[in-house]
file start_27.csv (CSV, C-alpha atoms and all ligand atoms)
chain,number,residue,atom,x,y,z
A,1,MET,CA,-21.1,-30.9,-21.9
A,2,THR,CA,-24.9,-31.2,-21.9
A,3,PHE,CA,-26.5,-32.1,-25.2
A,4,THR,CA,-29.5,-30.1,-26.3
A,5,ARG,CA,-31.4,-29.5,-29.6
A,6,SER,CA,-31.7,-25.8,-28.8
A,7,THR,CA,-29.1,-23.3,-30.0
A,8,ARG,CA,-29.0,-21.9,-26.4
A,9,PRO,CA,-26.7,-24.0,-24.2
A,10,ILE,CA,-28.2,-25.5,-21.1
A,11,THR,CA,-26.7,-24.2,-17.8
A,12,SER,CA,-25.8,-27.2,-15.7
A,13,HIS,CA,-23.7,-27.9,-12.7
A,14,PHE,CA,-21.5,-31.0,-12.4
A,15,THR,CA,-19.0,-31.6,-9.7
A,16,TYR,CA,-16.2,-34.1,-9.5
A,17,GLU,CA,-14.5,-34.9,-6.2
A,18,GLY,CA,-16.1,-31.7,-4.8
A,19,LYS,CA,-14.8,-29.5,-7.6
A,20,GLU,CA,-17.2,-27.8,-10.0
A,21,LEU,CA,-16.5,-28.8,-13.7
A,22,SER,CA,-16.6,-26.0,-16.3
A,23,PRO,CA,-19.3,-26.6,-18.9
A,24,THR,CA,-18.2,-26.7,-22.6
A,25,SER,CA,-20.1,-26.5,-25.8
A,26,LYS,CA,-17.9,-28.8,-27.8
A,27,TYR,CA,-15.6,-31.8,-27.1
A,28,THR,CA,-13.1,-33.8,-29.0
A,29,TYR,CA,-13.7,-37.5,-28.6
A,30,LEU,CA,-11.4,-40.0,-30.3
A,31,GLY,CA,-10.1,-37.3,-32.6
A,32,ILE,CA,-13.3,-35.8,-33.8
A,33,GLU,CA,-15.0,-32.8,-32.4
A,34,ILE,CA,-18.7,-32.9,-31.5
A,35,ASN,CA,-20.8,-30.0,-30.3
A,36,ASN,CA,-23.5,-29.8,-27.7
A,37,ARG,CA,-26.2,-30.2,-30.4
A,38,GLY,CA,-24.7,-33.5,-31.3
A,39,LEU,CA,-23.4,-32.2,-34.6
A,40,PHE,CA,-20.0,-32.8,-36.2
A,41,LYS,CA,-19.8,-29.5,-38.2
A,42,ASP,CA,-16.8,-28.1,-36.4
A,43,GLY,CA,-15.0,-31.4,-36.4
A,44,ILE,CA,-15.4,-31.8,-40.2
A,45,SER,CA,-14.0,-28.2,-40.7
A,46,ALA,CA,-11.1,-29.1,-38.4
A,47,LEU,CA,-10.3,-32.3,-40.4
A,48,ASN,CA,-10.5,-30.2,-43.6
A,49,HIS,CA,-8.1,-27.7,-42.2
A,50,LYS,CA,-5.6,-30.4,-41.4
A,51,ALA,CA,-6.0,-31.9,-44.9
A,52,LEU,CA,-5.3,-28.6,-46.5
A,53,LYS,CA,-2.1,-28.3,-44.5
A,54,ALA,CA,-1.0,-31.7,-45.7
A,55,ILE,CA,-1.8,-30.6,-49.3
A,56,PHE,CA,0.3,-27.4,-48.9
A,57,LYS,CA,3.2,-29.6,-47.6
A,58,ILE,CA,2.8,-32.0,-50.6
A,59,ARG,CA,2.8,-29.0,-53.0
A,60,SER,CA,5.9,-27.5,-51.4
A,61,LEU,CA,7.8,-30.8,-51.8
A,62,THR,CA,6.6,-31.8,-55.3
A,63,ASN,CA,6.7,-30.2,-58.6
A,64,GLN,CA,3.3,-29.7,-60.3
A,65,GLY,CA,4.9,-29.9,-63.8
A,66,TYR,CA,7.3,-32.7,-63.5
A,67,PHE,CA,5.6,-35.1,-61.1
A,68,PRO,CA,3.6,-37.8,-62.9
A,69,VAL,CA,-0.2,-37.3,-62.5
A,70,GLN,CA,-0.6,-40.8,-61.0
A,71,THR,CA,2.1,-40.0,-58.3
A,72,HIS,CA,0.1,-36.9,-57.3
A,73,LEU,CA,-3.1,-39.1,-57.0
A,74,LYS,CA,-1.2,-41.7,-55.0
A,75,LEU,CA,0.1,-39.0,-52.6
A,76,PHE,CA,-3.5,-37.7,-52.1
A,77,HIS,CA,-5.0,-41.1,-51.4
A,78,SER,CA,-2.3,-42.1,-49.0
A,79,LEU,CA,-1.6,-38.8,-47.2
A,80,VAL,CA,-4.7,-36.6,-47.5
A,81,LYS,CA,-7.7,-38.8,-47.9
A,82,PRO,CA,-7.2,-40.6,-44.5
A,83,ILE,CA,-7.3,-37.2,-42.8
A,84,LEU,CA,-10.3,-35.9,-44.8
A,85,THR,CA,-12.4,-39.0,-44.2
A,86,TYR,CA,-11.3,-39.8,-40.6
A,87,ASN,CA,-14.4,-41.1,-38.8
A,88,SER,CA,-16.6,-40.2,-41.7
A,89,ASP,CA,-18.5,-43.4,-41.4
A,90,ILE,CA,-20.1,-41.7,-38.3
A,91,TRP,CA,-20.2,-38.0,-39.2
A,92,LEU,CA,-21.4,-38.3,-42.8
A,93,MET,CA,-24.9,-38.7,-41.2
A,94,ASP,CA,-24.9,-35.0,-40.5
A,95,LEU,CA,-24.7,-34.2,-44.2
A,96,ASP,CA,-27.2,-37.0,-45.1
A,97,GLN,CA,-29.7,-35.5,-42.7
A,98,LYS,CA,-29.1,-32.0,-44.2
A,99,ARG,CA,-29.6,-33.4,-47.7
A,100,MET,CA,-32.9,-35.1,-46.7
A,101,LEU,CA,-34.2,-31.8,-45.5
A,102,GLY,CA,-33.0,-30.1,-48.7
A,103,MET,CA,-34.8,-32.7,-50.8
A,104,ALA,CA,-38.0,-32.4,-48.8
A,105,ARG,CA,-37.9,-28.6,-49.3
A,106,ALA,CA,-37.3,-28.9,-53.0
A,107,SER,CA,-40.1,-31.4,-53.5
A,108,LYS,CA,-42.5,-29.1,-51.5
A,109,LYS,CA,-41.7,-26.3,-54.0
A,110,ASN,CA,-41.9,-28.8,-57.0
A,111,LYS,CA,-38.3,-28.0,-57.8
A,112,PRO,CA,-35.6,-30.5,-58.9
A,113,TYR,CA,-32.9,-31.3,-56.3
A,114,ASP,CA,-29.3,-31.1,-57.7
A,115,LEU,CA,-27.6,-34.0,-56.0
A,116,LEU,CA,-24.2,-33.3,-57.6
A,117,ASP,CA,-24.3,-29.7,-56.5
A,118,SER,CA,-25.1,-30.8,-52.9
A,119,ILE,CA,-22.2,-33.2,-53.0
A,120,GLU,CA,-19.8,-30.6,-54.3
A,121,THR,CA,-20.6,-27.9,-51.8
A,122,THR,CA,-19.1,-29.9,-48.9
A,123,CYS,CA,-15.7,-28.8,-47.8
A,124,PHE,CA,-14.0,-32.2,-48.1
A,125,GLU,CA,-15.2,-32.7,-51.7
A,126,ARG,CA,-13.9,-29.2,-52.5
A,127,THR,CA,-10.5,-30.0,-51.1
A,128,HIS,CA,-10.4,-33.1,-53.2
A,129,THR,CA,-11.3,-31.4,-56.4
A,130,ARG,CA,-9.0,-28.5,-55.6
A,131,PHE,CA,-6.1,-30.9,-55.5
A,132,LEU,CA,-7.2,-32.6,-58.7
A,133,LYS,CA,-7.4,-29.2,-60.5
A,134,TYR,CA,-4.0,-28.3,-59.2
A,135,THR,CA,-2.6,-31.6,-60.6
A,136,LEU,CA,-4.2,-31.1,-63.9
A,137,GLY,CA,-3.1,-27.5,-64.1
A,138,VAL,CA,-6.6,-26.1,-64.8
A,139,TYR,CA,-8.3,-23.0,-63.3
A,140,LYS,CA,-9.9,-23.3,-59.8
A,141,SER,CA,-13.1,-22.2,-61.5
A,142,SER,CA,-13.1,-25.1,-64.0
A,143,SER,CA,-15.7,-27.9,-63.6
A,144,SER,CA,-15.0,-30.1,-60.5
A,145,ASN,CA,-17.0,-32.8,-62.1
A,146,ALA,CA,-14.9,-32.9,-65.2
A,147,ALA,CA,-11.6,-32.7,-63.2
A,148,ARG,CA,-12.8,-35.8,-61.2
A,149,LEU,CA,-13.9,-37.7,-64.3
A,150,GLU,CA,-10.7,-36.9,-66.2
A,151,MET,CA,-8.7,-38.6,-63.5
A,152,GLY,CA,-11.1,-41.5,-62.9
A,153,GLU,CA,-12.0,-40.2,-59.4
A,154,LEU,CA,-15.4,-40.4,-57.8
A,155,PRO,CA,-16.7,-38.1,-55.0
A,156,LEU,CA,-15.2,-39.0,-51.7
A,157,GLU,CA,-18.7,-39.7,-50.5
A,158,PHE,CA,-18.5,-43.0,-52.4
A,159,PHE,CA,-15.6,-44.2,-50.2
A,160,MET,CA,-17.2,-42.8,-47.0
A,161,LYS,CA,-20.5,-44.5,-47.6
A,162,LEU,CA,-18.9,-47.8,-48.3
A,163,GLN,CA,-16.9,-47.5,-45.1
A,164,SER,CA,-20.2,-46.7,-43.2
A,165,VAL,CA,-22.0,-49.8,-44.6
A,166,LYS,CA,-19.0,-52.0,-43.7
A,167,ASN,CA,-19.0,-50.6,-40.2
A,168,TRP,CA,-22.7,-51.2,-39.8
A,169,HIS,CA,-22.3,-54.8,-41.0
A,170,ARG,CA,-19.3,-55.3,-38.6
A,171,ILE,CA,-21.2,-54.0,-35.6
A,172,MET,CA,-24.3,-56.1,-36.4
A,173,SER,CA,-22.2,-59.2,-36.6
A,174,MET,CA,-20.8,-58.6,-33.1
A,175,ASP,CA,-22.0,-60.5,-30.0
A,176,ASP,CA,-23.7,-58.3,-27.3
A,177,THR,CA,-21.4,-55.3,-26.8
A,178,LEU,CA,-22.0,-51.7,-25.8
A,179,VAL,CA,-21.5,-50.6,-29.4
A,180,LYS,CA,-24.0,-53.1,-30.7
A,181,GLU,CA,-26.5,-52.0,-28.0
A,182,SER,CA,-26.0,-48.4,-29.2
A,183,LEU,CA,-26.7,-49.4,-32.8
A,184,LEU,CA,-29.8,-51.3,-31.7
A,185,CYS,CA,-31.0,-48.1,-30.0
A,186,ALA,CA,-30.3,-46.2,-33.2
A,187,ILE,CA,-32.4,-48.7,-35.1
A,188,LYS,CA,-35.3,-48.3,-32.7
A,189,LEU,CA,-35.1,-44.5,-33.1
A,190,HIS,CA,-35.1,-45.0,-36.9
A,191,GLN,CA,-38.2,-47.4,-36.6
A,192,ASN,CA,-39.9,-44.7,-34.6
A,193,ASN,CA,-39.3,-42.1,-37.4
A,194,THR,CA,-36.5,-40.3,-35.5
A,195,TYR,CA,-33.4,-39.7,-37.6
A,196,SER,CA,-30.4,-41.6,-36.3
A,197,TRP,CA,-27.3,-43.3,-37.7
A,198,ALA,CA,-29.5,-46.3,-38.7
A,199,THR,CA,-31.6,-43.9,-40.9
A,200,PHE,CA,-28.4,-42.8,-42.6
A,201,ILE,CA,-27.4,-46.5,-43.3
A,202,GLN,CA,-30.9,-47.3,-44.5
A,203,ASN,CA,-30.7,-44.3,-46.9
A,204,VAL,CA,-27.4,-45.5,-48.3
A,205,LEU,CA,-28.9,-49.0,-48.8
A,206,ASP,CA,-32.0,-47.5,-50.4
A,207,SER,CA,-30.0,-45.2,-52.7
A,208,ILE,CA,-28.4,-48.1,-54.5
A,209,GLY,CA,-31.7,-49.9,-55.0
A,210,SER,CA,-30.9,-52.6,-52.5
A,211,ASN,CA,-33.8,-54.2,-50.5
A,212,LEU,CA,-31.6,-54.7,-47.5
A,213,LYS,CA,-33.0,-53.5,-44.1
A,214,VAL,CA,-30.9,-51.9,-41.5
A,215,HIS,CA,-32.3,-54.1,-38.7
A,216,ASP,CA,-31.4,-57.3,-40.7
A,217,PRO,CA,-27.9,-57.5,-42.2
A,218,SER,CA,-28.2,-61.3,-42.6
A,219,PRO,CA,-28.6,-61.2,-46.4
A,220,ILE,CA,-25.1,-59.8,-46.5
A,221,SER,CA,-22.6,-62.6,-46.4
A,222,LYS,CA,-19.1,-61.5,-46.6
A,223,PRO,CA,-17.3,-60.9,-48.9
A,224,PHE,CA,-19.6,-61.3,-51.9
A,225,HIS,CA,-22.5,-59.0,-51.0
A,226,LEU,CA,-20.2,-56.3,-49.6
A,227,LEU,CA,-18.4,-56.4,-52.9
A,228,ASN,CA,-21.8,-56.0,-54.6
A,229,ILE,CA,-22.6,-53.0,-52.5
A,230,SER,CA,-19.3,-51.5,-53.4
A,231,SER,CA,-20.0,-52.0,-57.1
A,232,TYR,CA,-23.6,-50.6,-56.8
A,233,LEU,CA,-22.3,-47.6,-55.0
A,234,GLU,CA,-19.7,-47.1,-57.6
A,235,LYS,CA,-22.3,-47.3,-60.4
A,236,TYR,CA,-24.6,-44.9,-58.4
A,237,TYR,CA,-21.9,-42.1,-58.1
A,238,THR,CA,-20.6,-42.7,-61.7
A,239,GLN,CA,-24.1,-42.2,-63.0
A,240,ILE,CA,-24.6,-39.0,-61.0
A,241,CYS,CA,-21.4,-37.6,-62.4
A,242,LEU,CA,-22.1,-38.7,-66.0
A,243,ASN,CA,-25.7,-37.6,-66.0
A,244,SER,CA,-24.7,-34.1,-65.1
A,245,LEU,CA,-22.5,-33.9,-68.2
A,246,SER,CA,-25.4,-34.7,-70.5
A,247,SER,CA,-27.8,-32.1,-68.9
A,248,PRO,CA,-28.9,-29.7,-71.7
A,249,THR,CA,-28.6,-26.6,-69.5
A,250,GLY,CA,-25.9,-25.0,-67.5
A,251,LYS,CA,-26.1,-23.4,-64.0
A,252,LYS,CA,-27.8,-20.3,-65.4
A,253,ALA,CA,-30.8,-20.6,-67.7
A,254,GLY,CA,-30.1,-20.1,-71.4
A,255,GLU,CA,-26.3,-20.3,-71.2
A,256,GLY,CA,-25.9,-24.0,-72.3
A,257,ASN,CA,-24.0,-26.8,-70.6
A,258,LYS,CA,-20.3,-25.9,-70.3
A,259,LEU,CA,-19.5,-29.6,-70.6
A,260,HIS,CA,-21.6,-30.2,-73.7
A,261,THR,CA,-18.6,-31.1,-75.9
A,262,TYR,CA,-16.9,-33.1,-73.1
A,263,ALA,CA,-20.0,-35.2,-72.8
A,264,ARG,CA,-19.6,-36.3,-76.4
A,265,VAL,CA,-16.3,-38.1,-75.6
A,266,LYS,CA,-16.5,-38.9,-71.9
A,267,LYS,CA,-18.6,-41.9,-71.4
A,268,SER,CA,-17.1,-43.5,-68.3
A,269,CYS,CA,-15.2,-42.6,-65.1
A,270,ASN,CA,-11.8,-43.7,-66.0
A,271,PHE,CA,-8.3,-42.3,-65.7
A,272,GLU,CA,-7.4,-40.8,-69.1
A,273,ASP,CA,-4.3,-42.4,-70.7
A,274,TYR,CA,-3.1,-39.2,-72.3
A,275,LEU,CA,-2.3,-37.9,-68.7
A,276,THR,CA,0.5,-40.5,-68.7
A,277,TRP,CA,1.3,-40.4,-72.4
A,278,ILE,CA,2.1,-36.7,-72.4
A,279,PRO,CA,4.8,-36.1,-69.8
A,280,ASN,CA,5.3,-32.4,-70.8
A,281,PHE,CA,3.1,-30.4,-68.4
A,282,ASP,CA,2.4,-27.5,-70.7
A,283,LYS,CA,1.2,-29.7,-73.5
A,284,ARG,CA,-0.8,-32.1,-71.2
A,285,HIS,CA,-2.6,-29.3,-69.4
A,286,ALA,CA,-3.4,-27.5,-72.7
A,287,LEU,CA,-5.2,-30.7,-73.9
A,288,THR,CA,-7.0,-31.0,-70.6
A,289,LYS,CA,-8.2,-27.4,-70.9
A,290,LEU,CA,-9.6,-28.1,-74.4
A,291,ARG,CA,-11.4,-31.3,-73.3
A,292,ILE,CA,-13.0,-29.8,-70.2
A,293,SER,CA,-13.7,-26.4,-71.7
A,294,ASP,CA,-11.4,-24.5,-69.4
A,295,HIS,CA,-10.1,-22.4,-72.4
A,296,ARG,CA,-10.5,-19.0,-73.9
A,297,LEU,CA,-12.3,-19.9,-77.1
A,298,PRO,CA,-15.3,-17.7,-77.8
A,299,ILE,CA,-17.8,-20.4,-76.8
A,300,GLU,CA,-16.4,-20.0,-73.2
A,301,THR,CA,-15.5,-16.3,-73.1
A,302,GLY,CA,-19.0,-15.4,-74.4
A,303,ARG,CA,-20.4,-17.1,-71.3
A,304,TYR,CA,-18.7,-14.6,-69.0
A,305,VAL,CA,-20.4,-11.6,-70.7
A,306,GLY,CA,-23.8,-13.3,-71.2
A,307,THR,CA,-23.6,-13.7,-75.0
A,308,PRO,CA,-26.2,-16.4,-76.1
A,309,PRO,CA,-24.3,-19.6,-77.2
A,310,ASP,CA,-25.4,-19.3,-80.8
A,311,GLN,CA,-23.8,-15.8,-81.0
A,312,ARG,CA,-20.4,-16.6,-79.5
A,313,TYR,CA,-18.6,-16.1,-82.9
A,314,CYS,CA,-15.0,-17.2,-83.8
A,315,TYR,CA,-12.4,-14.4,-83.4
A,316,PHE,CA,-11.5,-14.9,-87.1
A,317,CYS,CA,-14.8,-16.0,-88.7
A,318,PRO,CA,-17.5,-13.5,-87.7
A,319,THR,CA,-20.5,-15.6,-88.6
A,320,ILE,CA,-19.4,-19.0,-87.2
A,321,VAL,CA,-19.7,-20.1,-83.6
A,322,GLY,CA,-16.2,-20.4,-82.1
A,323,ASP,CA,-16.5,-23.7,-80.3
A,324,GLU,CA,-14.2,-26.7,-79.9
A,325,TYR,CA,-15.4,-28.3,-83.1
A,326,HIS,CA,-14.7,-25.2,-85.2
A,327,PHE,CA,-11.3,-24.8,-83.5
A,328,ILE,CA,-10.1,-28.4,-84.2
A,329,MET,CA,-11.8,-29.2,-87.5
A,330,LYS,CA,-12.6,-26.1,-89.5
A,331,CYS,CA,-11.2,-22.7,-88.6
A,332,PRO,CA,-8.8,-21.6,-91.4
A,333,SER,CA,-6.6,-19.7,-89.0
A,334,PHE,CA,-5.3,-22.9,-87.5
A,335,SER,CA,-4.9,-24.9,-90.8
A,336,SER,CA,-1.1,-25.1,-90.6
A,337,ALA,CA,-1.2,-26.3,-86.9
A,338,ARG,CA,-3.9,-28.9,-87.9
A,339,VAL,CA,-1.6,-30.7,-90.4
A,340,GLU,CA,0.0,-32.9,-87.7
A,341,ILE,CA,-3.4,-34.0,-86.3
A,342,THR,CA,-4.8,-35.0,-89.7
A,343,GLN,CA,-1.6,-37.0,-90.6
A,344,SER,CA,-1.6,-38.7,-87.2
A,345,CYS,CA,-5.3,-39.7,-87.4
A,346,THR,CA,-4.9,-41.1,-90.9
A,347,GLU,CA,-1.9,-43.2,-89.8
A,348,ASN,CA,-3.2,-44.3,-86.4
A,349,LEU,CA,-7.0,-44.5,-86.4
A,350,THR,CA,-8.7,-47.2,-88.3
A,351,ASP,CA,-11.1,-46.0,-91.1
A,352,TYR,CA,-10.5,-42.4,-90.0
A,353,THR,CA,-10.8,-41.1,-93.6
A,354,SER,CA,-14.3,-42.7,-94.1
A,355,LEU,CA,-15.8,-41.0,-90.9
A,356,ASN,CA,-18.0,-38.0,-91.1
A,357,SER,CA,-16.7,-34.7,-89.6
A,358,ASN,CA,-18.5,-35.1,-86.3
A,359,ALA,CA,-17.2,-38.6,-85.8
A,360,LYS,CA,-13.7,-37.4,-86.8
A,361,PHE,CA,-13.9,-34.6,-84.2
A,362,GLU,CA,-15.0,-37.1,-81.5
A,363,SER,CA,-12.3,-39.6,-82.3
A,364,ILE,CA,-9.6,-36.8,-82.1
A,365,LEU,CA,-10.9,-35.2,-78.9
A,366,SER,CA,-11.3,-38.6,-77.1
A,367,ALA,CA,-7.5,-38.9,-77.3
A,368,ARG,CA,-7.5,-42.7,-77.2
A,369,SER,CA,-4.4,-43.1,-79.4
A,370,GLN,CA,-1.0,-41.9,-78.1
A,371,PRO,CA,0.2,-40.2,-81.3
A,372,VAL,CA,-3.2,-38.5,-81.9
A,373,ALA,CA,-3.2,-37.3,-78.3
A,374,LYS,CA,0.3,-35.9,-78.7
A,375,ALA,CA,-0.6,-34.2,-82.0
A,376,LEU,CA,-3.7,-32.7,-80.4
A,377,ALA,CA,-1.7,-31.4,-77.4
A,378,ASN,CA,0.7,-29.7,-79.9
A,379,PHE,CA,-2.2,-28.2,-81.8
A,380,CYS,CA,-3.7,-26.9,-78.5
A,381,ILE,CA,-0.4,-25.2,-77.6
A,382,SER,CA,-0.1,-23.4,-80.9
A,383,GLY,CA,-3.8,-22.8,-81.3
A,384,PHE,CA,-4.2,-21.3,-77.8
A,385,ASN,CA,-1.2,-19.0,-78.5
A,386,ILE,CA,-2.8,-17.6,-81.6
A,387,VAL,CA,-6.1,-17.2,-79.7
A,388,ASN,CA,-4.3,-15.3,-76.9
A,389,GLN,CA,-2.6,-13.0,-79.3
A,390,VAL,CA,-5.8,-12.1,-81.0
A,391,ARG,CA,-7.6,-11.6,-77.7
A,392,GLY,CA,-4.7,-9.4,-76.6
A,393,SER,CA,-4.8,-7.3,-79.7
A,394,LYS,CA,-8.6,-6.9,-79.4
A,395,GLY,CA,-8.4,-6.1,-75.7
A,396,LYS,CA,-10.6,-9.1,-74.8
B,1,ZN,ZN,-12.8,-19.4,-87.2
call {"tool": "encode", "arguments": {"input": "start_27.csv", "output": "structure tokens", "more": "lines below"}}
Ligand SMILES: [Zn+2]
result
Amino acid sequence: MTFTRSTRPITSHFTYEGKELSPTSKYTYLGIEINNRGLFKDGISALNHKALKAIFKIRSLTNQGYFPVQTHLKLFHSLVKPILTYNSDIWLMDLDQKRMLGMARASKKNKPYDLLDSIETTCFERTHTRFLKYTLGVYKSSSSNAARLEMGELPLEFFMKLQSVKNWHRIMSMDDTLVKESLLCAIKLHQNNTYSWATFIQNVLDSIGSNLKVHDPSPISKPFHLLNISSYLEKYYTQICLNSLSSPTGKKAGEGNKLHTYARVKKSCNFEDYLTWIPNFDKRHALTKLRISDHRLPIETGRYVGTPPDQRYCYFCPTIVGDEYHFIMKCPSFSSARVEITQSCTENLTDYTSLNSNAKFESILSARSQPVAKALANFCISGFNIVNQVRGSKGK
């Protein structure tokens, strides 16, 4: 294989013991495929394909409804993640370079660059969120960001970048070896403004606000500073995910942020306790659907037909917006289903009766108390049934 920047392969002749070697445009080295342009694109797709096979196997051996959510997560992290992230400390640089070009293009056009969108378009992140959505029992089209946050998961990039920095530090701490010599060459390329693996590592260090330089790892003394880097990277990705929740607009102009209500109760990236408290799959996934707006209340169905957010009226109250607040707190059509929630909140939440309606709504939807979470899940089951009946009768 002859490396070239051109898309047209170079014709070259190599012989070994008098025999001509056939040229190739790609080669698998140490389990990862690299092409003659020095890119890992096909290798990343191949890993993703293998990871999907592992997921199908897990799905065929487990039961979505009866397996605890945490067991599903454990299976993903021990059986799928190692495949998806294999050698990623090296190949993630391909995506970093692509992102740098995207950012430069956006800045030239004076347009904002959507970092979360760029993260979520990669095949490995999609495979990750696809598994999370399957575990939660929500639609494939539901928000990937919300599915991750609900289960306390960060994008896989977090783990991959941490591995990359650890690898860089490990190599720099070596005595003279071939691999260290290669890294020193990459550092020279970086210093001469040519993108290399060292540029990628420098970008990771810069992104977390560190003043570390790729040519000088001496300020990092294990284990304290590496732990610091891990915690900074964690904060960096948590912030990207949470910031996206509080954005005032959705993907299309004028449609409003789908996760506007979720943002009111989701303030950190932690695994939600109700996922363990409610073992019944139907009830648990009804509650998840309500929290992450993966439901069929008018505030969501209106989005599909382009109705402005302030005109997405309740199926029963023609002048009131049919959002999550109206569904849980006000709509008279669900009053009998609401009795259990009110009773549970009064008994289990301190000072509940003295709160205003908005604060009551947030304390219910945040599902921080087991009895309240269970009551809300029951409410979702009966409420969504009523909604489905009326939608069916109106042909919506
Ligand atoms: Zn109503």
call {"tool": "closest_atom_pairs", "arguments": {"input": "start_27.csv", "of": "segment 132-248 of chain A", "to": "segment 117-122 of chain A", "cutoff": "12 Å", "atoms": "only C-alpha atoms", "output": "tab-separated table"}}
result
residue	atom	partner	partner_atom	distance
A:Ser143	CA	A:Glu120	CA	10.5
A:Ser144	CA	A:Glu120	CA	7.9
A:Asn145	CA	A:Glu120	CA	8.6
A:Arg148	CA	A:Glu120	CA	11.1
A:Leu154	CA	A:Ile119	CA	11.0
A:Pro155	CA	A:Ile119	CA	7.6
A:Leu156	CA	A:Ile119	CA	9.2
A:Glu157	CA	A:Ile119	CA	7.8
A:Phe158	CA	A:Ile119	CA	10.5
A:Tyr237	CA	A:Ile119	CA	10.3
A:Ile240	CA	A:Ile119	CA	10.2
A:Cys241	CA	A:Asp117	CA	10.3
A:Ser244	CA	A:Asp117	CA	9.7
call {"tool": "closest_residue", "arguments": {"input": "start_27.csv", "among": "A:Tyr313, A:Tyr16, A:Trp168, A:Phe159", "to": "Glu300 of chain A", "atoms": "all atoms listed in the file"}}
result
A:Tyr313
call {"tool": "closest_atom_pairs", "arguments": {"input": "start_27.csv", "of": "chain A", "to": "ligand ZN 1 (chain B)", "cutoff": "9 Å", "atoms": "only C-alpha atoms and all ligand atoms", "output": "tab-separated table"}}
result
residue	atom	partner	partner_atom	distance
A:Tyr313	CA	B:ZN1	ZN	7.9
A:Cys314	CA	B:ZN1	ZN	4.6
A:Tyr315	CA	B:ZN1	ZN	6.3
A:Phe316	CA	B:ZN1	ZN	4.7
A:Cys317	CA	B:ZN1	ZN	4.2
A:Pro318	CA	B:ZN1	ZN	7.6
A:Thr319	CA	B:ZN1	ZN	8.7
A:Ile320	CA	B:ZN1	ZN	6.6
A:Val321	CA	B:ZN1	ZN	7.8
A:Gly322	CA	B:ZN1	ZN	6.2
A:Asp323	CA	B:ZN1	ZN	8.9
A:His326	CA	B:ZN1	ZN	6.4
A:Phe327	CA	B:ZN1	ZN	6.7
A:Lys330	CA	B:ZN1	ZN	7.1
A:Cys331	CA	B:ZN1	ZN	3.9
A:Pro332	CA	B:ZN1	ZN	6.2
A:Ser333	CA	B:ZN1	ZN	6.5
A:Phe334	CA	B:ZN1	ZN	8.3
call {"tool": "atom_distance", "arguments": {"input": "start_27.csv", "atom1": "atom CA of Asn378 of chain A", "atom2": "atom CA of Lys283 of chain A"}}
result
6.4 Å
call {"tool": "residues_around", "arguments": {"input": "start_27.csv", "residues": "Thr276 of chain A", "least_positions_apart": "3", "cutoff": "12 Å", "atoms": "all atoms listed in the file", "output": "list in words"}}
result
Tyr66, Phe67, Pro68, Val69, Gln70, Thr71, His72, Leu136, Met151, Phe271, Glu272, Asp273, Pro279, Asn280, Phe281, Lys283, Arg284, His285, Ala367, Arg368, Gln370, Ala373 and Lys374 of chain A
call {"tool": "build_atoms", "arguments": {"input": "start_27.csv", "residues": "segment 14-24 of chain A", "atoms": "N, CA and C atoms", "output": "CSV table (one decimal), in the frame of the given file"}}
result
chain,number,residue,atom,x,y,z
A,14,PHE,N,-22.0,-29.6,-12.7
A,14,PHE,CA,-21.5,-31.0,-12.4
A,14,PHE,C,-20.3,-30.8,-11.5
A,15,THR,N,-20.2,-31.7,-10.6
A,15,THR,CA,-19.0,-31.6,-9.7
A,15,THR,C,-18.3,-33.0,-9.8
A,16,TYR,N,-17.0,-32.9,-9.6
A,16,TYR,CA,-16.2,-34.1,-9.5
A,16,TYR,C,-15.2,-34.0,-8.3
A,17,GLU,N,-15.3,-34.9,-7.4
A,17,GLU,CA,-14.5,-34.9,-6.2
A,17,GLU,C,-14.6,-33.5,-5.5
A,18,GLY,N,-15.8,-33.0,-5.5
A,18,GLY,CA,-16.1,-31.7,-4.8
A,18,GLY,C,-15.8,-30.5,-5.6
A,19,LYS,N,-15.2,-30.6,-6.8
A,19,LYS,CA,-14.8,-29.5,-7.6
A,19,LYS,C,-15.8,-29.3,-8.7
A,20,GLU,N,-16.2,-28.1,-8.9
A,20,GLU,CA,-17.2,-27.8,-10.0
A,20,GLU,C,-16.5,-27.9,-11.4
A,21,LEU,N,-17.1,-28.6,-12.3
A,21,LEU,CA,-16.5,-28.8,-13.7
A,21,LEU,C,-17.0,-27.7,-14.6
A,22,SER,N,-16.1,-27.1,-15.4
A,22,SER,CA,-16.6,-26.0,-16.3
A,22,SER,C,-17.3,-26.6,-17.4
A,23,PRO,N,-18.5,-26.0,-17.8
A,23,PRO,CA,-19.3,-26.6,-18.9
A,23,PRO,C,-18.6,-26.2,-20.2
A,24,THR,N,-18.8,-27.0,-21.2
A,24,THR,CA,-18.2,-26.7,-22.6
A,24,THR,C,-19.3,-27.0,-23.6
